[in-house]
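**Q** Sharing a structure with you now.
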Amino acid sequence: MEKSKISRRIAPWIVLIVIILLWQWICTAFHVSEHLIPKPTAIAAALHDKFALSIWPDALVSIRVMLIGYVIAVPIGFVIAAIASQFKFIVRMVLPILILLMVTPMATLVPEFKLFLGVDPSLKIIIVILQVAPVVAVNTLTGFTYVPQKKLDVMRGFGCGRWETFFRVTVPNAMPQIFTGLKLGSILCTIAAMSADLSVGQGGLGYRISNSAAVSATDTAFAAIVVAAIIGVLFYSLIAIIEKKVSVWN
Amino acid sequence: MAYISLEHVNKKFVTRRSTIYALKDINMHFNKGEFVSIVGPSGCGKSTIIRLIDDIIKPSSGTITVDGFTYNNTRPITKDQIRKMGFIFQVPNLYPWLTIRENLELPLKIYHEDIEKNTPHIEFLLDYVGLKEYADSYPSEISGGMSQRIGVIRGMVHNPDVFMMDEPFGALDEDTRETLNIELLKIWKDTGMTIIFITHNVEEAVLLSQRVYIMSSHPGQVKTEMNIDFGGRERTLDLITEPDFQQYCTDIENLIGNISLSEIK
């Protein structure tokens with residue numbers, strides 16, 4: 001039992017190490033140009049050399065955009081879902097629009113936003129909000145809409161009104177779907193922030209990636225990608241840990 | 001005067017395709033401290049009756065009076081009135097995200113009552129049904145019979161005058177059901193509550209109640225009512241084998257049976 005648990009934990013890391021070794025070996029054996037695909041060792045070296053100087057400051061810019069955007073987007077998503085869920089006709093009205101917004105890559109709208117805002121620093125945050133709020137709203141709304149009638153009847157039996165029932169039953173009942181929305185939101189948040197960097201510029205990891213690639217510093221670009229991926233994974237894990245803490249009953 | 005009465009209550013459910021007349025001209029009364037069962041074939045609307053009384057659904061017409069307060073489809077019942085009633089569902093409907101104790105505290109929170117002051121009461125009820133050590137467990141960690149016991153005492157924490165029970169033990173196995181029926185009789189005797197008990201199990205109805213309403217279906221109507229009297233004998237499982245107990249059961253079953261037969265014709 002203990003043994004299988006350990007091997008399950010280790011297995012993914014072994015796969016990762018094998019991929020990295022294979023990558024290193026292919027790059028060396030076939031003399032792949034460093035400017036096309038850098039070796040893992042070169043990426044590690046670039047990460048070491050450039051981390052303090054450029055990658056970490058840019059990462060901070062991205063993290064700031066992600067967190068501010070996420071913290072604003074989540075309540076917006078909740079409020080949209082909460083109001084919509086109480087009125088069936090609103091659900092039918094807003095759901096298609098929310099889904100449309102959810103699948104639209106918001107970074108593609110940057111040129112349009114620039115017409116109105118210029119290169120405003122908050123532009124990236126707006127992109128993140130537009131990308132994250134709909135996915136939080138759609139998932140939360142699903143959770144809010146499908147509450148078993150029996151669970152609602154108990155509250156009616158106690159004489160509870162619409163909103164008391166909402167906060168006492170509908171919200172906790174929707175926790176799994178709410179966290180699905182929060183987790184998807186954290187993924188889209190990372191993607192949106194990076195792609196906003198790409199199209200807006202003004203620092204950030206996405207900007208560092210495209211800038212490094214443009215001057216053939218592919219190793220730095222890859223190092224920045226690794227950091228971006230780690231930030232995304234950590235953000236997602238953080239939400240997943242919070243979910244475990246909150247949903248102790250499962 | 002009766003504690004609860006229904007006068008000319010009708011209930012129809014309107015769907016897109018059709019209108020279903022669930023209850024037609026229901027007149028019933030329940031005296032304070034009385035144990036009354038409502039039996040009838042499935043679909044006769046017996047559950048609908050207590051759902052109407054507890055304001056889970058609204059009547060299409062007619063009036064309901066509880067403790068002198070009259071309500072109908074235009075005049076709503078108040079939370080103060082609903083507070084006098086406890087509703088026990090067919091399945092316990094405990095909230096999985098709350099511990100057993102938190103589930104029991106929920107009605108108190110809803111009625112803005114002091115939780116701390118009521119803690120001994122909750123402890124007493126948990127002890128009463130022998131589940132004290134499970135207070136901090138989650139509903140997913142206890143069995144179906146235990147859950148239904150908790151479901152029953154959840155209906156009691158706010159000290160209601162009336163217990164409305166919608167086939168409360170129907171989903172449980174025979175043994176657990178018998179045990180809980182005896183426990184329910186004990187609760188009834190100890191508290192002096194008014195109990196309205198919905199069941200399709202005729203033996204259960206005869207064992208527990210002082211009076212039985214027998215209903216027919218399509219649309220749901222009161223066919224007749226019957227007083228159940230065992231003299232001074234105590235209501236225990238031993239009673240089931242007595243001839244007068246059997247006679248009551250046969251009589252009620254015949255009434256229900258006749259109803260279904262006449263419907264087929």
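By convention here, the chains of the structure tokens are called A, B, ... in the order presented, each chain's residues are numbered starting at 1, and ligands are numbered starting at 1 in the order presented.
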Applying 6 Å and only C-alpha atoms, which residues near range 202-209 of chain B remain after dropping the ones on its own chain fewer than 4 positions away? List them as a tab-separated table (two decimals) with N, CA and C atoms, in the first residue's frame.
**A**
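File part08.tsv, as written:
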chain	number	residue	atom	x	y	z
B	35	PHE	N	-52.31	12.13	17.14
B	35	PHE	CA	-51.47	11.44	16.17
B	35	PHE	C	-52.38	10.93	15.05
B	36	VAL	N	-52.26	11.55	13.89
B	36	VAL	CA	-53.15	11.21	12.77
B	36	VAL	C	-52.31	10.76	11.58
B	37	SER	N	-52.71	9.64	10.97
B	37	SER	CA	-52.05	9.20	9.75
B	37	SER	C	-52.93	9.46	8.55
**Q** Using only C-alpha atoms and a distance of at most 10 Å, pull out the residues of chain B that contact chain A, as an MDAnalysis selection string.
**A** chainID B and resid 51:57 77:99 106:107 110:111 137:141 155
**Q** Excluding Phe51 in chain A and any residue of its chain fewer than 3 positions from it, enumerate the residues within 12 Å of it, using only C-alpha atoms, and give them as a list in words.
**A**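 So, after excluding close chain neighbours, the residues are Ile43, Ala44, Ala45, Ala46, Leu47, His48, Ser54, Ile55, Trp56, Pro57, Asp58, Ala59, Leu60, Leu205, Arg208, Thr220, Ala221, Ala223, Ala224, Val226 and Val227 of chain A.
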**Q** Which polymer residues have any atom within 12 Å of an atom of Ser237 in chain A, counting only C-alpha atoms, with same-chain residues fewer than 4 positions away left out, as a list in words?
**A**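 Contacts, in chain order: Phe179, Leu182, Lys183, Leu184, Ser186, Ile187, Ile230, Ile231, Gly232, Val233, Ile241, Ile242, Glu243 and Lys244 of chain A.
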**Q** By how many Å are CA of Thr104 in chain A and CA of Ala73 in chain A apart?
**A**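 If I compute the distance from CA of Thr104 in chain A to CA of Ala73 in chain A, I get 15.8 Å.
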**Q** Do you have the CA of Ile37 in chain A-CA of Gln24 in chain A distance handy?
**A**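 Here the two named atoms are 10.1 Å from each other.
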**Q** When you look at Pro59 in chain B with a cut-off of 7 Å (counting only C-alpha atoms), what residues show up, excluding the ones that are within fewer than 4 positions of it in the same chain? I need them as a list in words.
**A** Val9, Asn10, Lys11, Leu52, Asn72 and Asn73 of chain B
**Q** Run DSSP on the backbone and grab whatever in range 40-234 of chain A lands in alpha helix (DSSP H); send it over as a ChimeraX atom specification.
**A** /A:40-50,56-85,88-103,110-117,123-145,149-157,162-165,171-173,175-200,205-214,218-234
**Q** Nearest to Ile100 in chain B: which of B:Lys132, B:Arg211, B:Arg235, B:Lys117 is it, counting only C-alpha atoms?
**A**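 Closest residue, counting only C-alpha atoms: B:Lys132.
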**Q** Env of Gly130 in chain B: 12 Å cut, atoms = only C-alpha atoms, seq-sep filter 5 positions within chain, self excluded. Answer as a list in words.
**A**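 Near Gly130 in chain B, the qualifying residues are Glu123, Phe124, Leu125, Ala135, Gly145, Met146, Ser147, Arg149, Ile150, Ile153, Leu180 and Glu183 of chain B.
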**Q** One decimal, in Å: what's the spacing between CA of Thr218 in chain A and CA of Pro40 in chain A?
**A** 11.5 Å
**Q** Rank A:Ile127, A:Ile26, A:Ala137, A:Ile209 by their smallest atom-to-atom distance to Ala82 in chain A, using only C-alpha atoms, and report the top residue only.
**A**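 Among A:Ile127, A:Ile26, A:Ala137, A:Ile209, it is A:Ala137 that comes nearest to Ala82 in chain A.
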**Q** Skip Leu188 in chain A itself and residues of its chain fewer than 3 positions away, then list as JSON, numbers by chain all residues within 12 Å of it, counting only C-alpha atoms.
**A** {"A": [66, 69, 70, 73, 102, 103, 104, 105, 106, 107, 127, 128, 129, 130, 131, 132, 133, 134, 135, 136, 181, 182, 183, 184, 185, 191, 192, 193, 194, 195, 196, 232, 233, 235, 236]}
**Q** Compare A:Ile68, A:Ala42, A:Ile63, A:Leu238 by their minimum atom-to-atom distance to Ser122 in chain A, counting only C-alpha atoms, and give me the closest one.
**A**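 So, comparing all the options, the nearest one is A:Ile68.
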